Structures are given as C-alpha cells and as structure tokens.
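Shown next: protein.csv, given as CSV, C-alpha atoms.
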```csv
chain,number,residue,atom,x,y,z
A,12,MET,CA,107.0,70.8,141.1
A,13,ASP,CA,104.0,68.8,140.0
A,14,ARG,CA,104.4,65.6,138.1
A,15,ILE,CA,101.9,63.8,135.9
A,16,GLU,CA,102.7,60.3,134.5
A,17,LEU,CA,100.5,58.7,131.8
A,18,THR,CA,101.0,55.4,130.0
A,19,THR,CA,99.2,54.7,126.7
A,20,SER,CA,99.3,51.3,124.9
A,21,ILE,CA,99.3,51.7,121.1
A,22,ASN,CA,98.9,48.9,118.6
A,23,ALA,CA,101.4,50.3,116.2
A,24,PRO,CA,105.2,50.4,115.6
A,25,ILE,CA,107.4,52.4,117.9
A,26,GLU,CA,108.7,54.6,115.1
A,27,ARG,CA,105.2,55.6,114.0
A,28,CYS,CA,104.2,56.5,117.6
A,29,PHE,CA,107.4,58.5,118.1
A,30,ASP,CA,106.9,60.5,114.9
A,31,LEU,CA,103.2,61.2,115.6
A,32,ALA,CA,104.1,62.4,119.1
A,33,ARG,CA,106.5,65.0,117.6
A,34,SER,CA,104.2,66.0,114.8
A,35,ILE,CA,103.3,69.7,115.0
A,36,ASP,CA,100.3,69.0,112.7
A,37,LEU,CA,98.9,66.2,114.9
A,38,HIS,CA,99.5,68.3,118.0
A,39,LEU,CA,97.3,71.0,116.5
A,40,GLU,CA,94.5,68.5,115.8
A,41,SER,CA,94.7,67.2,119.4
A,42,THR,CA,94.3,70.8,120.8
A,43,LYS,CA,91.4,72.1,118.8
A,44,GLN,CA,89.5,72.7,122.1
A,45,THR,CA,92.0,75.5,123.0
A,46,SER,CA,92.2,76.9,119.4
A,47,GLU,CA,96.0,76.2,119.6
A,48,LYS,CA,98.2,77.4,116.7
A,49,ALA,CA,101.9,77.1,116.0
A,50,ILE,CA,103.0,80.7,115.5
A,51,ALA,CA,106.9,80.6,115.5
A,52,GLY,CA,109.8,78.3,115.1
A,53,ARG,CA,108.8,74.9,113.7
A,54,ILE,CA,105.2,75.4,112.7
A,55,SER,CA,104.5,72.2,110.8
A,56,GLY,CA,106.0,68.7,110.2
A,57,LEU,CA,108.2,66.8,112.7
A,58,ILE,CA,110.1,68.8,115.3
A,59,GLU,CA,113.8,67.8,115.7
A,60,LEU,CA,116.5,68.2,118.4
A,61,GLY,CA,117.3,71.8,119.2
A,62,GLU,CA,114.2,73.2,117.4
A,63,THR,CA,111.6,75.4,119.1
A,64,VAL,CA,107.9,75.9,118.6
A,65,THR,CA,105.8,78.7,119.9
A,66,TRP,CA,102.2,77.8,120.6
A,67,ARG,CA,99.4,80.3,121.0
A,68,ALA,CA,96.3,78.9,122.7
A,69,LYS,CA,93.3,80.0,124.8
A,70,HIS,CA,93.3,78.6,128.3
A,71,PHE,CA,90.7,79.7,130.9
A,72,GLY,CA,89.5,82.4,128.5
A,73,ILE,CA,93.0,84.0,128.2
A,74,TRP,CA,95.3,83.9,125.1
A,75,GLN,CA,98.7,82.6,126.0
A,76,ASN,CA,102.0,81.9,124.2
A,77,LEU,CA,104.3,79.1,125.2
A,78,THR,CA,107.7,78.4,123.6
A,79,SER,CA,109.3,75.0,124.0
A,80,LYS,CA,112.5,73.5,122.8
A,81,ILE,CA,113.4,69.9,122.1
A,82,ALA,CA,116.3,69.4,124.6
A,83,VAL,CA,116.7,65.6,124.3
A,84,PHE,CA,116.2,63.4,121.3
A,85,ASP,CA,116.9,59.7,121.0
A,86,TYR,CA,115.0,58.3,118.0
A,87,PRO,CA,112.7,56.3,118.4
A,88,ASN,CA,113.0,55.8,122.2
A,89,SER,CA,112.5,59.3,123.7
A,90,PHE,CA,112.4,63.0,123.3
A,91,THR,CA,112.0,65.8,125.9
A,92,ASP,CA,110.7,69.3,125.4
A,93,GLU,CA,111.2,72.1,127.8
A,94,MET,CA,109.5,75.4,128.1
A,95,VAL,CA,111.8,78.3,127.3
A,96,ASP,CA,109.2,81.1,127.6
A,97,GLY,CA,105.6,81.1,128.9
A,98,ALA,CA,103.3,81.6,131.8
A,99,PHE,CA,104.6,78.7,133.9
A,100,LYS,CA,107.7,78.9,136.0
A,101,SER,CA,108.9,75.7,134.2
A,102,ILE,CA,107.7,72.8,132.1
A,103,ARG,CA,109.5,69.6,131.2
A,104,HIS,CA,107.8,66.9,129.2
A,105,GLU,CA,109.5,63.6,128.7
A,106,HIS,CA,108.0,61.4,125.9
A,107,LEU,CA,109.2,57.8,126.3
A,108,PHE,CA,108.5,54.8,124.0
A,109,TYR,CA,108.9,51.1,124.6
A,110,PRO,CA,108.2,48.2,122.3
A,111,ALA,CA,105.5,46.0,123.9
A,112,ASN,CA,103.4,43.1,122.7
A,113,GLY,CA,104.0,43.8,119.1
A,114,GLY,CA,103.0,47.5,119.6
A,115,THR,CA,104.3,50.4,121.7
A,116,LEU,CA,103.9,51.6,125.2
A,117,MET,CA,104.0,55.4,125.2
A,118,LYS,CA,104.8,57.1,128.5
A,119,ASP,CA,104.5,60.8,129.3
A,120,VAL,CA,106.3,62.3,132.3
A,121,PHE,CA,105.1,65.9,132.5
A,122,MET,CA,106.6,68.1,135.2
A,123,PHE,CA,105.5,71.7,135.7
A,124,GLU,CA,105.9,74.5,138.2
A,125,SER,CA,103.4,77.3,138.4
A,126,PRO,CA,104.4,80.9,139.2
A,127,LEU,CA,103.2,82.8,142.2
A,128,GLY,CA,104.5,80.6,144.9
A,129,ILE,CA,101.8,79.4,147.3
A,130,PHE,CA,99.0,80.7,145.0
A,131,GLY,CA,100.4,78.7,142.1
A,132,ARG,CA,100.6,75.6,144.2
A,133,LEU,CA,97.0,76.1,145.3
A,134,ALA,CA,95.9,76.5,141.7
A,135,ASN,CA,97.7,73.3,140.9
A,136,PHE,CA,95.9,71.5,143.6
A,137,LEU,CA,92.4,72.9,142.9
A,138,PHE,CA,92.3,72.6,139.1
A,139,LEU,CA,95.5,73.0,137.1
A,140,ARG,CA,96.9,69.5,137.6
A,141,ARG,CA,93.6,67.9,136.5
A,142,TYR,CA,93.3,70.4,133.5
A,143,MET,CA,96.9,69.5,132.3
A,144,ALA,CA,96.3,65.8,132.7
A,145,ASN,CA,93.1,66.0,130.7
A,146,LEU,CA,95.0,67.9,127.9
A,147,LEU,CA,97.6,65.1,127.8
A,148,LYS,CA,95.0,62.3,127.8
A,149,THR,CA,93.2,63.9,124.9
A,150,ARG,CA,96.5,64.3,123.0
A,151,ASN,CA,97.5,60.7,123.7
A,152,GLN,CA,94.1,59.4,122.4
A,153,VAL,CA,94.6,61.4,119.1
A,154,ILE,CA,98.1,59.9,118.8
A,155,LYS,CA,96.8,56.4,119.5
A,156,ALA,CA,94.0,56.7,117.0
A,157,ALA,CA,96.2,58.1,114.2
A,158,ALA,CA,98.9,55.4,114.8
A,159,GLU,CA,96.4,52.6,114.9
A,160,ARG,CA,94.5,53.9,111.9
A,161,ALA,CA,97.8,54.0,109.9
A,162,ALA,CA,98.6,50.5,111.0
A,163,HIS,CA,95.6,49.0,109.1
```

structure tokens encoding of this file:
Amino acid sequence: MDRIELTTSINAPIERCFDLARSIDLHLESTKQTSEKAIAGRISGLIELGETVTWRAKHFGIWQNLTSKIAVFDYPNSFTDEMVDGAFKSIRHEHLFYPANGGTLMKDVFMFESPLGIFGRLANFLFLRRYMANLLKTRNQVIKAAAERAAH
C-alpha cells in the first residue's frame, strides 16, 4: 500500500478548516482539472459520518466513478473517508487538524492500493503516486485559500 503524507499550515480557525475540507462544493472547485462531479449520495454541502459520495471524474483520459464513505468523524479534529467502490483496490484518506500558532495545521494521510498486483505497483512507482500527491496538493491550496480568505 502506498502512503502520501502532506501537511498544510492555514491561518484560520480549526473549525473552518475542518468544514472546508469536508465541503462537497469546495472539493468540486479544487478538482476542476478532472471535470469532477458529485453524482450520488451527498452531492453538496458538508458530508457527515456514515454518508457516501460518488464522484465522477476524468483521469488519464478515462471517465471513472469512485464512491467513498465517511468512516470516522471527530469534529473538528479528524475525519476519514474510505473507498467503497472504484478503480483502486483500496483508498483510505485521513484528514487531521491541529491548532497551531493561532491557526491550523492540516495533515493528510492518504493510503491507496492499486489493482493488478505488480503492474499496479509499477504504475504507482512510475506515475500514480506523484499524480495523486499533486491532486491532494492542489486541493489543499484551495482549502487554504478559502479558509484564509474567509478569515479576513
């Protein structure tokens, strides 16, 4: 299983950062490059414990659907979404929030396992890990900008 860890410092309250990270609407804004849409389950607003969302997006020129469920929810400290259906063998994304220097430290722990055994591991090594990390970095910058814009 591959693991990506990112930390983003945000000059905004932890509650705002937590809510923006679970906002379906902001997620859509952060994934414009993949034409992502929420097509089933919670399709707008703030996702809650036990809820699912199905995303439809174009990655590598192929339309894909991925359904995830909020499996852990501890407001405003953490929430975890897990893939319940999609192209990967598994995905688990832990969103962690810590108060820091009058703002928030947002940490992502993103774990994924590709299908197809050795071919999936090779794809991870060659391009998929970097691709997924870049998607997360873009998303985090959108969250940061929205949180800090609202703080002023």

* To do: Quick one: everything within 9 Å of Leu60 in chain A, counting only C-alpha atoms, minus sequence neighbours fewer than 4 positions away in the same chain. Send it as a list in words.
  =>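 My reading of the contact set: Lys80, Ile81, Ala82, Val83, Phe84, Asp85 and Phe90 of chain A.
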
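Minimum atom-to-atom distance to Lys155 in chain A, evaluated using all atoms listed in the file, belongs to A:Asp30 out of A:Glu105, A:Glu47, A:Asp13, A:Asp30.
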
Residues at most 10 Å from Phe121 in chain A, counting all atoms listed in the file, excluding those fewer than 2 positions away in the same chain, as a compact mmCIF listing (two decimals) with C-alpha atoms, keeping the file's coordinate frame?
```txt
# COMPACT_ATOMS: atom_id res chain seq x y z
CA ASP A 13 104.00 68.80 140.00
CA ARG A 14 104.40 65.60 138.10
CA ILE A 15 101.90 63.80 135.90
CA GLU A 16 102.70 60.30 134.50
CA LEU A 17 100.50 58.70 131.80
CA THR A 91 112.00 65.80 125.90
CA ASP A 92 110.70 69.30 125.40
CA GLU A 93 111.20 72.10 127.80
CA ILE A 102 107.70 72.80 132.10
CA ARG A 103 109.50 69.60 131.20
CA HIS A 104 107.80 66.90 129.20
CA GLU A 105 109.50 63.60 128.70
CA HIS A 106 108.00 61.40 125.90
CA LYS A 118 104.80 57.10 128.50
CA ASP A 119 104.50 60.80 129.30
CA PHE A 123 105.50 71.70 135.70
CA MET A 143 96.90 69.50 132.30
CA ALA A 144 96.30 65.80 132.70
CA LEU A 147 97.60 65.10 127.80
```

Edge lengths and centre, in Å to one decimal, as lines of an AutoDock Vina configuration file: that's what I need for the box along x, y and z that holds all listed atoms of range 39-42 of chain A plus 6 Å on each side.
```
center_x = 95.8
center_y = 69.1
center_z = 118.3
size_x = 15.0
size_y = 15.8
size_z = 17.0
```

* **Pick from A:Ser79, A:Gln44, A:Asn112, A:Ser89, whichever lies nearest to Val64 in chain A using only C-alpha atoms** =>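 That would be A:Ser79, the residue with the smallest distance to Val64 in chain A.
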
* To do: Fewer than 2 positions away in the same chain doesn't count, so skip those; otherwise give me all residues within 9 Å of Leu31 in chain A, counting only C-alpha atoms, as an NGL selection string.
  => :A and (26-29 or 33-38 or 57 or 154-155 or 157-158)

* Using all atoms listed in the file, collect all residues at a distance of at most 8 Å from (99.7, 76.8, 119.2) as written in the file, then present them as JSON, numbers by chain. => {"A": [39, 46, 47, 48, 49, 50, 65, 66, 67, 68, 76, 77]}

* **Nearby residues (all atoms listed in the file) at most 9 Å from Lys100 in chain A, same-chain spacing under 3 positions excluded, as an NGL selection string** => :A and (94 or 96-97 or 123-127)

* **Distance in Å - CA of Pro87 in chain A versus CA of Leu146 in chain A** =>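 Going from CA of Pro87 in chain A over to CA of Leu146 in chain A covers 23.2 Å.
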
* Pairwise distance for CA of Gln75 in chain A and CA of Ala98 in chain A, rounded to one decimal in Å ->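 About the pair CA of Gln75 in chain A and CA of Ala98 in chain A: they are 7.5 Å apart.
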
* Between CA of Lys43 in chain A and CA of Met117 in chain A - distance in Å to one decimal ->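 That distance, rounded to one decimal, is 21.9 Å.
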
Limit the output to N, CA and C atoms and give range 35-79 of chain A as a PDB file, in the first residue's frame.
```pdb
ATOM      1  N   ILE A  35     -18.384  19.348  -0.045  1.00  0.00           N
ATOM      2  CA  ILE A  35     -18.506  18.784  -1.395  1.00  0.00           C
ATOM      3  C   ILE A  35     -18.290  19.888  -2.426  1.00  0.00           C
ATOM      4  N   ASP A  36     -18.884  21.058  -2.186  1.00  0.00           N
ATOM      5  CA  ASP A  36     -18.811  22.164  -3.137  1.00  0.00           C
ATOM      6  C   ASP A  36     -17.367  22.632  -3.342  1.00  0.00           C
ATOM      7  N   LEU A  37     -16.605  22.763  -2.263  1.00  0.00           N
ATOM      8  CA  LEU A  37     -15.214  23.192  -2.391  1.00  0.00           C
ATOM      9  C   LEU A  37     -14.370  22.099  -3.046  1.00  0.00           C
ATOM     10  N   HIS A  38     -14.688  20.839  -2.757  1.00  0.00           N
ATOM     11  CA  HIS A  38     -13.976  19.735  -3.413  1.00  0.00           C
ATOM     12  C   HIS A  38     -14.134  19.840  -4.928  1.00  0.00           C
ATOM     13  N   LEU A  39     -15.344  20.138  -5.375  1.00  0.00           N
ATOM     14  CA  LEU A  39     -15.591  20.274  -6.813  1.00  0.00           C
ATOM     15  C   LEU A  39     -14.757  21.404  -7.407  1.00  0.00           C
ATOM     16  N   GLU A  40     -14.653  22.512  -6.677  1.00  0.00           N
ATOM     17  CA  GLU A  40     -13.838  23.637  -7.138  1.00  0.00           C
ATOM     18  C   GLU A  40     -12.370  23.233  -7.260  1.00  0.00           C
ATOM     19  N   SER A  41     -11.903  22.399  -6.338  1.00  0.00           N
ATOM     20  CA  SER A  41     -10.484  22.021  -6.319  1.00  0.00           C
ATOM     21  C   SER A  41     -10.142  20.948  -7.351  1.00  0.00           C
ATOM     22  N   THR A  42     -11.141  20.366  -7.988  1.00  0.00           N
ATOM     23  CA  THR A  42     -10.883  19.287  -8.959  1.00  0.00           C
ATOM     24  C   THR A  42     -11.394  19.632 -10.355  1.00  0.00           C
ATOM     25  N   LYS A  43     -11.443  20.908 -10.655  1.00  0.00           N
ATOM     26  CA  LYS A  43     -11.911  21.346 -11.979  1.00  0.00           C
ATOM     27  C   LYS A  43     -11.099  20.718 -13.112  1.00  0.00           C
ATOM     28  N   GLN A  44      -9.802  20.488 -12.866  1.00  0.00           N
ATOM     29  CA  GLN A  44      -8.930  19.952 -13.910  1.00  0.00           C
ATOM     30  C   GLN A  44      -9.319  18.536 -14.332  1.00  0.00           C
ATOM     31  N   THR A  45     -10.090  17.835 -13.500  1.00  0.00           N
ATOM     32  CA  THR A  45     -10.529  16.477 -13.855  1.00  0.00           C
ATOM     33  C   THR A  45     -12.026  16.433 -14.172  1.00  0.00           C
ATOM     34  N   SER A  46     -12.651  17.605 -14.276  1.00  0.00           N
ATOM     35  CA  SER A  46     -14.094  17.718 -14.550  1.00  0.00           C
ATOM     36  C   SER A  46     -14.925  16.914 -13.558  1.00  0.00           C
ATOM     37  N   GLU A  47     -14.478  16.870 -12.310  1.00  0.00           N
ATOM     38  CA  GLU A  47     -15.131  16.047 -11.287  1.00  0.00           C
ATOM     39  C   GLU A  47     -16.525  16.569 -10.948  1.00  0.00           C
ATOM     40  N   LYS A  48     -17.435  15.635 -10.755  1.00  0.00           N
ATOM     41  CA  LYS A  48     -18.813  15.933 -10.356  1.00  0.00           C
ATOM     42  C   LYS A  48     -19.201  14.955  -9.245  1.00  0.00           C
ATOM     43  N   ALA A  49     -20.052  15.413  -8.335  1.00  0.00           N
ATOM     44  CA  ALA A  49     -20.658  14.532  -7.335  1.00  0.00           C
ATOM     45  C   ALA A  49     -21.968  14.054  -7.942  1.00  0.00           C
ATOM     46  N   ILE A  50     -22.117  12.734  -8.119  1.00  0.00           N
ATOM     47  CA  ILE A  50     -23.279  12.223  -8.861  1.00  0.00           C
ATOM     48  C   ILE A  50     -24.238  11.387  -8.023  1.00  0.00           C
ATOM     49  N   ALA A  51     -23.848  11.015  -6.819  1.00  0.00           N
ATOM     50  CA  ALA A  51     -24.748  10.207  -5.969  1.00  0.00           C
ATOM     51  C   ALA A  51     -24.347  10.372  -4.510  1.00  0.00           C
ATOM     52  N   GLY A  52     -25.286  10.022  -3.625  1.00  0.00           N
ATOM     53  CA  GLY A  52     -25.047  10.208  -2.197  1.00  0.00           C
ATOM     54  C   GLY A  52     -25.142  11.675  -1.874  1.00  0.00           C
ATOM     55  N   ARG A  53     -24.274  12.165  -1.004  1.00  0.00           N
ATOM     56  CA  ARG A  53     -24.223  13.590  -0.659  1.00  0.00           C
ATOM     57  C   ARG A  53     -23.582  14.307  -1.846  1.00  0.00           C
ATOM     58  N   ILE A  54     -24.322  15.179  -2.512  1.00  0.00           N
ATOM     59  CA  ILE A  54     -23.777  15.840  -3.702  1.00  0.00           C
ATOM     60  C   ILE A  54     -23.503  17.334  -3.497  1.00  0.00           C
ATOM     61  N   SER A  55     -23.814  17.864  -2.305  1.00  0.00           N
ATOM     62  CA  SER A  55     -23.458  19.246  -1.988  1.00  0.00           C
ATOM     63  C   SER A  55     -23.464  19.407  -0.469  1.00  0.00           C
ATOM     64  N   GLY A  56     -22.913  20.510  -0.014  1.00  0.00           N
ATOM     65  CA  GLY A  56     -22.884  20.779   1.422  1.00  0.00           C
ATOM     66  C   GLY A  56     -21.752  20.052   2.122  1.00  0.00           C
ATOM     67  N   LEU A  57     -21.934  19.839   3.429  1.00  0.00           N
ATOM     68  CA  LEU A  57     -20.900  19.231   4.274  1.00  0.00           C
ATOM     69  C   LEU A  57     -21.217  17.772   4.525  1.00  0.00           C
ATOM     70  N   ILE A  58     -20.308  16.895   4.137  1.00  0.00           N
ATOM     71  CA  ILE A  58     -20.510  15.457   4.325  1.00  0.00           C
ATOM     72  C   ILE A  58     -20.332  15.114   5.811  1.00  0.00           C
ATOM     73  N   GLU A  59     -21.127  14.154   6.273  1.00  0.00           N
ATOM     74  CA  GLU A  59     -21.170  13.769   7.687  1.00  0.00           C
ATOM     75  C   GLU A  59     -20.807  12.292   7.848  1.00  0.00           C
ATOM     76  N   LEU A  60     -20.655  11.875   9.104  1.00  0.00           N
ATOM     77  CA  LEU A  60     -20.354  10.484   9.431  1.00  0.00           C
ATOM     78  C   LEU A  60     -21.385   9.546   8.814  1.00  0.00           C
ATOM     79  N   GLY A  61     -20.892   8.491   8.157  1.00  0.00           N
ATOM     80  CA  GLY A  61     -21.757   7.467   7.579  1.00  0.00           C
ATOM     81  C   GLY A  61     -22.270   7.792   6.196  1.00  0.00           C
ATOM     82  N   GLU A  62     -22.113   9.038   5.755  1.00  0.00           N
ATOM     83  CA  GLU A  62     -22.600   9.408   4.421  1.00  0.00           C
ATOM     84  C   GLU A  62     -21.601   8.987   3.351  1.00  0.00           C
ATOM     85  N   THR A  63     -22.130   8.794   2.151  1.00  0.00           N
ATOM     86  CA  THR A  63     -21.293   8.465   0.998  1.00  0.00           C
ATOM     87  C   THR A  63     -21.428   9.564  -0.046  1.00  0.00           C
ATOM     88  N   VAL A  64     -20.446   9.608  -0.920  1.00  0.00           N
ATOM     89  CA  VAL A  64     -20.496  10.460  -2.108  1.00  0.00           C
ATOM     90  C   VAL A  64     -19.864   9.654  -3.239  1.00  0.00           C
ATOM     91  N   THR A  65     -20.489   9.732  -4.400  1.00  0.00           N
ATOM     92  CA  THR A  65     -19.907   9.116  -5.600  1.00  0.00           C
ATOM     93  C   THR A  65     -19.426  10.233  -6.506  1.00  0.00           C
ATOM     94  N   TRP A  66     -18.143  10.190  -6.814  1.00  0.00           N
ATOM     95  CA  TRP A  66     -17.503  11.169  -7.685  1.00  0.00           C
ATOM     96  C   TRP A  66     -17.354  10.575  -9.075  1.00  0.00           C
ATOM     97  N   ARG A  67     -17.538  11.399 -10.077  1.00  0.00           N
ATOM     98  CA  ARG A  67     -17.262  11.009 -11.463  1.00  0.00           C
ATOM     99  C   ARG A  67     -16.246  12.008 -11.990  1.00  0.00           C
ATOM    100  N   ALA A  68     -15.108  11.491 -12.479  1.00  0.00           N
ATOM    101  CA  ALA A  68     -14.029  12.367 -12.943  1.00  0.00           C
ATOM    102  C   ALA A  68     -13.270  11.696 -14.082  1.00  0.00           C
ATOM    103  N   LYS A  69     -12.570  12.521 -14.837  1.00  0.00           N
ATOM    104  CA  LYS A  69     -11.746  12.013 -15.928  1.00  0.00           C
ATOM    105  C   LYS A  69     -10.284  12.042 -15.499  1.00  0.00           C
ATOM    106  N   HIS A  70      -9.700  10.853 -15.404  1.00  0.00           N
ATOM    107  CA  HIS A  70      -8.288  10.702 -15.070  1.00  0.00           C
ATOM    108  C   HIS A  70      -7.620   9.917 -16.189  1.00  0.00           C
ATOM    109  N   PHE A  71      -6.518  10.446 -16.705  1.00  0.00           N
ATOM    110  CA  PHE A  71      -5.773   9.793 -17.788  1.00  0.00           C
ATOM    111  C   PHE A  71      -6.672   9.542 -19.000  1.00  0.00           C
ATOM    112  N   GLY A  72      -7.620  10.470 -19.245  1.00  0.00           N
ATOM    113  CA  GLY A  72      -8.495  10.377 -20.407  1.00  0.00           C
ATOM    114  C   GLY A  72      -9.642   9.396 -20.271  1.00  0.00           C
ATOM    115  N   ILE A  73      -9.825   8.821 -19.085  1.00  0.00           N
ATOM    116  CA  ILE A  73     -10.868   7.805 -18.879  1.00  0.00           C
ATOM    117  C   ILE A  73     -11.814   8.285 -17.779  1.00  0.00           C
ATOM    118  N   TRP A  74     -13.129   8.239 -18.053  1.00  0.00           N
ATOM    119  CA  TRP A  74     -14.118   8.577 -17.028  1.00  0.00           C
ATOM    120  C   TRP A  74     -14.176   7.458 -16.007  1.00  0.00           C
ATOM    121  N   GLN A  75     -14.128   7.838 -14.726  1.00  0.00           N
ATOM    122  CA  GLN A  75     -14.159   6.861 -13.646  1.00  0.00           C
ATOM    123  C   GLN A  75     -15.111   7.326 -12.559  1.00  0.00           C
ATOM    124  N   ASN A  76     -15.715   6.370 -11.869  1.00  0.00           N
ATOM    125  CA  ASN A  76     -16.537   6.655 -10.698  1.00  0.00           C
ATOM    126  C   ASN A  76     -15.825   6.105  -9.468  1.00  0.00           C
ATOM    127  N   LEU A  77     -15.949   6.832  -8.361  1.00  0.00           N
ATOM    128  CA  LEU A  77     -15.380   6.394  -7.102  1.00  0.00           C
ATOM    129  C   LEU A  77     -16.356   6.793  -6.000  1.00  0.00           C
ATOM    130  N   THR A  78     -16.761   5.818  -5.196  1.00  0.00           N
ATOM    131  CA  THR A  78     -17.652   6.077  -4.073  1.00  0.00           C
ATOM    132  C   THR A  78     -16.858   5.955  -2.781  1.00  0.00           C
ATOM    133  N   SER A  79     -16.968   6.989  -1.943  1.00  0.00           N
ATOM    134  CA  SER A  79     -16.305   6.929  -0.639  1.00  0.00           C
ATOM    135  C   SER A  79     -17.318   7.201   0.462  1.00  0.00           C
TER     136      SER A  79
END
```
